[in-house]
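Working notes for the structure below.
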There are 4 protein chains.
Amino acid sequence: MLIVMSSQATAEQVEHVSKIIREMGLTPHSLPGATRTAIGITGNISAIDPEGLACLPGVKELLRVTKPYKLASREMHLDDTIVALPMAQIGGREFTMIAGPCSVESEELVLKVADYLISRRVKLMRAGAFKPRTSPYAFQGMEHEGLRILEKAREKTGIGIVTEVMESAHADAVEQAADVLQVGARNMQNYSLLKRLGKAKKPVLLKRGMSATLEEWLMAAEYILAGGNKQVILCERGVRTFADHTRNTLDLSIVPCVKEVSHLPVLVDPSHGTGKRKYVAPMALAGLAAGADGLLIEVHPDPDRALSDGAQTLSFTQFDALLEKTKMLASVMLG
Amino acid sequence: MLIVMSSQATAEQVEHVSKIIREMGLTPHSLPGATRTAIGITGNISAIDPEGLACLPGVKELLRVTKPYKLASREMHLDDTIVALPMAQIGGREFTMIAGPCSVESEELVLKVADYLISRRVKLMRAGAFKPRTSPYAFQGMEHEGLRILEKAREKTGIGIVTEVMESAHADAVEQAADVLQVGARNMQNYSLLKRLGKAKKPVLLKRGMSATLEEWLMAAEYILAGGNKQVILCERGVRTFADHTRNTLDLSIVPCVKEVSHLPVLVDPSHGTGKRKYVAPMALAGLAAGADGLLIEVHPDPDRALSDGAQTLSFTQFDALLEKTKMLASVMLG
Amino acid sequence: MLIVMSSQATAEQVEHVSKIIREMGLTPHSLPGATRTAIGITGNISAIDPEGLACLPGVKELLRVTKPYKLASREMHLDDTIVALPMAQIGGREFTMIAGPCSVESEELVLKVADYLISRRVKLMRAGAFKPRTSPYAFQGMEHEGLRILEKAREKTGIGIVTEVMESAHADAVEQAADVLQVGARNMQNYSLLKRLGKAKKPVLLKRGMSATLEEWLMAAEYILAGGNKQVILCERGVRTFADHTRNTLDLSIVPCVKEVSHLPVLVDPSHGTGKRKYVAPMALAGLAAGADGLLIEVHPDPDRALSDGAQTLSFTQFDALLEKTKMLASVMLG
Amino acid sequence: MLIVMSSQATAEQVEHVSKIIREMGLTPHSLPGATRTAIGITGNISAIDPEGLACLPGVKELLRVTKPYKLASREMHLDDTIVALPMAQIGGREFTMIAGPCSVESEELVLKVADYLISRRVKLMRAGAFKPRTSPYAFQGMEHEGLRILEKAREKTGIGIVTEVMESAHADAVEQAADVLQVGARNMQNYSLLKRLGKAKKPVLLKRGMSATLEEWLMAAEYILAGGNKQVILCERGVRTFADHTRNTLDLSIVPCVKEVSHLPVLVDPSHGTGKRKYVAPMALAGLAAGADGLLIEVHPDPDRALSDGAQTLSFTQFDALLEKTKMLASVMLG
C-alpha cells in the first residue's frame, strides 16, 4: 500500500497520516519526492480496511501494491491445480469438453443427451435442475426431481454431472447428485453460498459475474479456497458491456491473465458468452486458442423447442462439427 | 413480439415460422413490406420462451414489443406506491432520509448514531449486521448480535431500522429486527432470496445490481411482488462502467425512468454510488433534484476509524451541512 | 511512478530495472518490503514513455503516482478559470444557460429561437452548422451558409453563438462566426483539431468523449491549453455504458471530480446525456445540484418536426418551465 | 420502423401519429393488438430522422426493423470483398499478417524491421508516421519525414506499407506513401476524414472505435463506401469496458458477427487489444480461430526501448514463435 500526499500537503499532515497508520498496527515509510511525499505501508494490511486513509487531510490517493487474494494466487502456489474426477480431469495439459442441455427438461431428454455425449467420448454433462431465471413467470427448473434424473443418467451411462447450486439450503442435495457444483454468474458474490461450498467435498465451477473484475472473481474463489475446498474451476461466460451484437461480451483475454496470476483451471462458455447459436463454434475455437482448459457448450437434440436458452444451443449435428474442429485445434495447441 | 424476416427469406420460411408460433399456442400476423416480411405475434407470450424463434431459417431478428414486468409496471398500477412505516413513509410527495454507519460495529456506536439521527429528525437508520465483503479475510459483520443491537436502538430511540438480509436462512431473524429489509446489489438476482422476501411482512429495499438494466431491476422487484409482498422500494447505488474517477457510476437518469415506467418509490445512495466522501453531498443533492424519493447516506461519528467504507462516510458535521441543503432543495423541488 | 517487483524477483532483476531507469535519465529509489521490492522513480517522467518498463523481467506492475496533465490541473492553478464573453461569463459563482436547436435549419428558425432566448435573458445560443451524423445519408448541416445565419442572429439580437467545429479546415470560418467553438464528443481525441484550437482566439467548449476517462478528457484539454488557448470549458454529455434506458449514461459525478482536480469550468448537457425529452428537465436540475457551472439544452419551437435530435429537444413551453425551476434551484445552490 | 403505442393511447393519438408519418412522405400501417396498437412504417426511412416520433403523445417506443447501413451490408452484397494489393491480399480464404513497430522511430529501425518481415514472408508492414498520442508532451511521430522513410523501405524491400492518416490535410501525402491508409480508433467517427477517404485510391483499414457498436462501425465504413472507395478493411482492436486486467477488452465475437452481416474483411489487433506483451500471442491465435482474415501485430527489435507502446510489442524472437503457431492454426482453420 502506498499513500500519495498532495503537493500542498504540510509536514504535519504527513506526520498525522503516519500516526494513524501506526495506530492500525502497521509501519509507515516516508518517501519524500521532488513535488510530493509518498508513504509506503508495510505489515498485515489484509486484516484491516485502509480505505479510510484516503480521506485524511493532505492525502491525494491510495495505491495498492499487493493483491488481496492469496490462496488463489500463483505467487503462493506455483503449480497448476488439476481437478481430478473419476471420469475426467480439468486442468493440466488436457482439454476438457463439458456439454448438455440448458435445463433438465425430462428424463428422456437427459438420457438421450447423456448417451449421445458418451458416444462422442464427452465425459461431463452440464444440465440445470435449479434454474436462475430473470422472470418469475418463466420455467424455474425441475429442481429435486431434476437432480434424481441426473443421478440416473450417471448411473446408466457413467457420465459426470455438472449442475448448478443456487442456495445453501440445496447444497447437500446437489452435492450428492453432482460431480461438479456450478455457481452461476449472478451468484458469484453470494458469499453465504460461497462459504457453504468451501465446506463441500465436490469441486466447484465458479462462473465469472457479469461485471466482475479479475480480482473480484479470484476473491470469490478465495472464499471457497479459504473454507478448505481446494477444487475450484473458473469459467468465463461473458461480461456486460455496451456492445449489443452479442448477449454478453466474451472476454477471452482473461484466460491468459488467469493463467498468469492464478493456478486455477479456467474454462470458457461460448453459449452464454454470445447468446447466439451461429457464434458458438467460432468463439469455442477462439477460447481454446486463447489457452482455456476446456469448454462449456449447450447442446440439445431439438434446440428450437428447448424450454430455455434455445437461441444459443447447438444441435447434435452442429456439436459434432464443433467437436471435430476442437480436436484438430487442440492437437495443434497442446501437441 | 415482432419477428423480422431476412430480405432473402422464402415464402416457405415465413410459413414455417408461423407454424411454430401456432404450435406455441400463439397467433402469428404476417406483415409484408417492401424489402422483407415481418410477423407480429399476439397471445400470452410471457408463459413461453420465444428466443428460440430467432434461430429458425430466414429469421433476421426478434423484437420485443411488451415489457416482461407486470406488477412493477405503471401501466398496470397507475398510482405511486407509498410504503408506510410506523415512523416514516417512503414515496408520495415526501423526501425521506435514511442514514447510519456502514456496519454495526458496537452497541455504543449504534446508540450514538441513533440518538444523533433522532435529534436531527431523521427517522430511519441504516446499518449492516450481515456484511457482504469482497474479501473472506475482512470483517464480516456482527451478525445476530448486531441484530440485537439494532433492536435495542429502536426500542430506546424509536428509530426505524433498515438492514441487509443476505440469505433466506437469516430472513426470519432480520425480519424480526428490521423495519425495512435491504437486498444488496450483489444479491439483486439471488432469486432464492427474492422468493423468500416475497413472503415477508416487512418492506424490501432492493438495490440495483452493479450491471443491471432497468428491466432486470424491475424483474427482480417482480419476483418479490409476485410472491405477495407489495412493499418494494428501489435504490440506485451506482453501476459498473469504464469510468474510474468514482468507485461506481451513479446513474441518476434512472430515477425519472423508474418514475415513468413503474409506480415503485426510488431512492439514491450516493455513498456507494461515488465511494468518495467529497462527492457524497453534491450527488445527494443531484439525486434529490432528479426526483428521487429519498437518500441513503453513510454517516459515522469518526469515519476515519470506521471498520468498513470509511472513505465514503460522512462525519456528523458533514451530514448536518448536507441535511440543511437537502431541506432547502426539497422545499424548491416539492414545494 | 512506482515499479512493483514480483515476490520472486532476484536482486539482479531489481538492479537491471534500476539501470534502465537511469538510462532514461531518471532516478530509481529501491524500497525493499517484507515480500517484495518496489522501486520509486523521480525525475521528468512526462517526457518519456515508461510503459515498456512493465515488461522487464521480474516486474509485476507499474503504478503511476502523478497525473500527466499539468496546465489543466488545480495543483498548478488554484483559482477557478472564468471564461468571460462580451454577453455572459462561464465559471465563477454564476450559472450559465446555453440553449438552442440541434442544427441550423433555416434563418427563420434561428432568428425565432434567438429572439425567444433573449426574451428569457438567455445570452448564449447553441446551434450546429456543421453536424457530425452517424449516417452519411442524414442531413449534414447547412455548413458555411449556417455560419452566416448564426452571425446574422448575433448581429440582430446580441446573442452569443456556440457552434461546433469539426475539422481544422473550417476553424477560421467558425472562429469568425462563433463566440465559443464547440468540440463534439466524437472529436475529443481528434488531436489535429485540438492543436489548431490551441491557436484559436475564442474559447473552446470541449465535450467529453463517449468513453473518455476523466484523465483522458483533461489531457484533451491539455492539448488546447498547451497550444496557448487558456479558455477551455468542459461539458459532460453522457458516456457509453451497458444501460439502455437512456441514449447515454449522464455521469454527473464527474462534475465534483472536475471541480476537485481542475480549475476549468464544467457544464452539463442533459439533452444528449439522456436522449429523451422527458428526462431532460430532471437531469438538468440534477446537473445544477451536482455543482455544474451551466447547462446546454436543446430547444426548438416545434421539436417533433426538428431535422435532427427531435426526441431530446424541449419546446419553448417546456424550456420556460425548466428555466423557472433552474432559477429557484440556483438561488438555493449558489445563494 | 415500428411504433409501439402505449396501452392507454387513444384512437385520436394513433391517428395523429399516422398523420405525422404521412407528412414525412412515409406510409403508416396500423396493427391493433390485444393490449395496444403498433404502427408499422414503410417507405424511404433513411432520408428522414424519425426519432422525434418517439415523443408524440401516446407513443411508448420506437423499434427499428431495418439496419441503416446499405453498402456495407451483406444483404446488398453477398460475396466477400477481397482487397487486392500488389504484394498481398486481404480477405477471401487467406490469412494475412501485418506487423511492424508502433511508430517510425528512424530509417535504420524501419529498414531493419522491413528486412526481417520480408525474410519471414510477411508482406505488409505497419508503422505510424503520424501518431495520435494522449499527451501533448509525448512523441508525436516523425510525420512527413516518417512517410519518406516508409517509402524508402517499400522501394528497397518490396514490403507493403500500412500507416495512419489523422487528418484530411495529410491525406494526399499519406496516400502517396502508403498501400493501405489506416484510420485509428479515435478517428472512427471523424466524418470529415472519412469523407476524404471515400475519394482515396488506396484501401482503408478502419479500426473500431473504443466504444463503437457494430452498427456504428459499419456506418463509419458506409461513409467511405458511399464516397466511392469500395476497399474497406475492418479491424477490431479492443473496446472500453470496466475490465481492468487488459488495456482494452478485445471483443473477438464481433468477428463472426461482421462475417454474418457484412462482406468486408475483418482483422484483429491483439497488441492494442490487450496492451500487454504476454497476452498478444494467445489473443492473436484466438482471433484467427474466431475467423479473422488477418492480424495486426506490433513488433520491434528491442521492445523495451521502443519510443511508444513498448509494453505491448513483441521482439523478433517472440514474433517468430507466434508466426509458427499461426501457420499451424491457419492450416487447421482454413485447410
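In the C-alpha cells, chains take letters A, B, ... by order of appearance, with residues numbered from 1 within each chain and ligands from 1 in the order shown.
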
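The neighbours of Gln231 in chain C here are the residues that come within 8 Å of it, using only C-alpha atoms and leaving out any residue fewer than 3 positions away in the same chain; they are C:Thr81, C:Val83, C:Lys202, C:Pro203, C:Val204, C:Leu225.
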
Can you spit out the residues from that selection as a JSON list (two decimals), in the first residue's frame, using N, CA and C atoms?
```
[["chain", "number", "residue", "atom", "x", "y", "z"],
["C", 81, "THR", "N", -10.90, 28.96, -13.31],
["C", 81, "THR", "CA", -10.87, 29.72, -14.56],
["C", 81, "THR", "C", -12.27, 30.25, -14.85],
["C", 83, "VAL", "N", -14.38, 32.08, -17.89],
["C", 83, "VAL", "CA", -14.36, 32.43, -19.30],
["C", 83, "VAL", "C", -15.30, 33.62, -19.49],
["C", 202, "LYS", "N", -10.78, 32.28, -29.65],
["C", 202, "LYS", "CA", -12.08, 32.15, -28.99],
["C", 202, "LYS", "C", -12.05, 30.97, -28.02],
["C", 203, "PRO", "N", -12.88, 31.02, -26.97],
["C", 203, "PRO", "CA", -12.94, 29.90, -26.02],
["C", 203, "PRO", "C", -13.43, 28.62, -26.71],
["C", 204, "VAL", "N", -13.01, 27.50, -26.15],
["C", 204, "VAL", "CA", -13.39, 26.20, -26.69],
["C", 204, "VAL", "C", -14.22, 25.45, -25.66],
["C", 225, "LEU", "N", -4.77, 23.88, -24.03],
["C", 225, "LEU", "CA", -4.07, 24.78, -23.11],
["C", 225, "LEU", "C", -2.60, 24.90, -23.48]]
```

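When DSSP reads the backbone of this structure, the residues of range 129-181 of chain A it assigns to strand (DSSP E) are Gly160, Ile161, Val162, Thr163, Glu164, Val180 and Leu181 of chain A.
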
Take the residues from that selection and write them out as a compact mmCIF listing (two decimals), in the first residue's frame, keeping C-alpha atoms.
```
# COMPACT_ATOMS: atom_id res chain seq x y z
CA GLY A 160 -20.09 -36.99 -14.88
CA ILE A 161 -22.64 -34.37 -13.83
CA VAL A 162 -22.07 -30.60 -13.67
CA THR A 163 -25.10 -28.79 -12.27
CA GLU A 164 -25.90 -25.51 -10.61
CA VAL A 180 -19.09 -30.66 -10.05
CA LEU A 181 -21.16 -27.93 -8.35
```

Pick from B:Glu23, B:Glu155, B:Asp244, B:Glu167, whichever lies nearest to chain D using only C-alpha atoms: B:Asp244

Neighbours of chain B in chain D at 12 Å, counting only C-alpha atoms, as number ranges by chain: D: 1-9, 27-45, 60-67, 73-76, 78, 210-211, 239-244, 247-249, 260-261

Those of range 115-230 of chain A in DSSP alpha helix (DSSP H), formatted as number ranges by chain: A: 115-119, 143-157, 171-177, 191-197, 214-226

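Reported to one decimal place, the separation of CA of Val266 in chain B from CA of Val165 in chain B is 19.1 Å.
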
Given only C-alpha atoms as the counted atoms, nearest of A:Ala221, A:Leu117, A:Met283, A:Leu26 to Asn190 in chain A: A:Ala221

Residue with smallest distance to Ser331 in chain C - pool C:Glu175, C:Glu143, C:Glu105, C:Glu94, counting only C-alpha atoms: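 With only C-alpha atoms as the atom set, the closest residue is C:Glu94.
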
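Close contacts of Ile82 in chain D, defined as residues with an atom at most 7 Å away when counting only C-alpha atoms, with chain neighbours fewer than 5 positions off set aside, comprise D:Gln89, D:Ile90, D:Gly91, D:Gly92.
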
Just-selected residues, C-alpha atoms written as a PDB file, in the first residue's frame:
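In the end it all went to out-v4.pdb:
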```pdb
ATOM      1  CA  GLN D  89      -4.488  -9.704 -50.476  1.00  0.00           C
ATOM      2  CA  ILE D  90      -6.795  -9.197 -47.519  1.00  0.00           C
ATOM      3  CA  GLY D  91      -9.978 -11.228 -47.289  1.00  0.00           C
ATOM      4  CA  GLY D  92     -11.063 -14.349 -49.100  1.00  0.00           C
TER       5      GLY D  92
END
```

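Neighbouring residues of range 214-220 of chain C at 7 Å or closer, counting only C-alpha atoms and skipping chain neighbours under 3 positions away, are His245 of chain B; Tyr69, Ala72, Met188, Gln189, Arg208 and Tyr223 of chain C; Thr134 and Ser135 of chain D.
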
Straight-line distance linking CA of Gln312 in chain A with CA of Leu147 in chain A, stated in Å to one decimal: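 Those two atoms sit 23.3 Å apart.
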
Among the residues A:Ala185, A:Gly52, A:Ala153, A:Pro265, the one that comes closest to His300 in chain B [using only C-alpha atoms]: A:Gly52

Selection near Leu193 in chain C, 8 Å with only C-alpha atoms, sequence-local residues under 5 positions removed, as a ChimeraX atom specification: /C:166-168,187
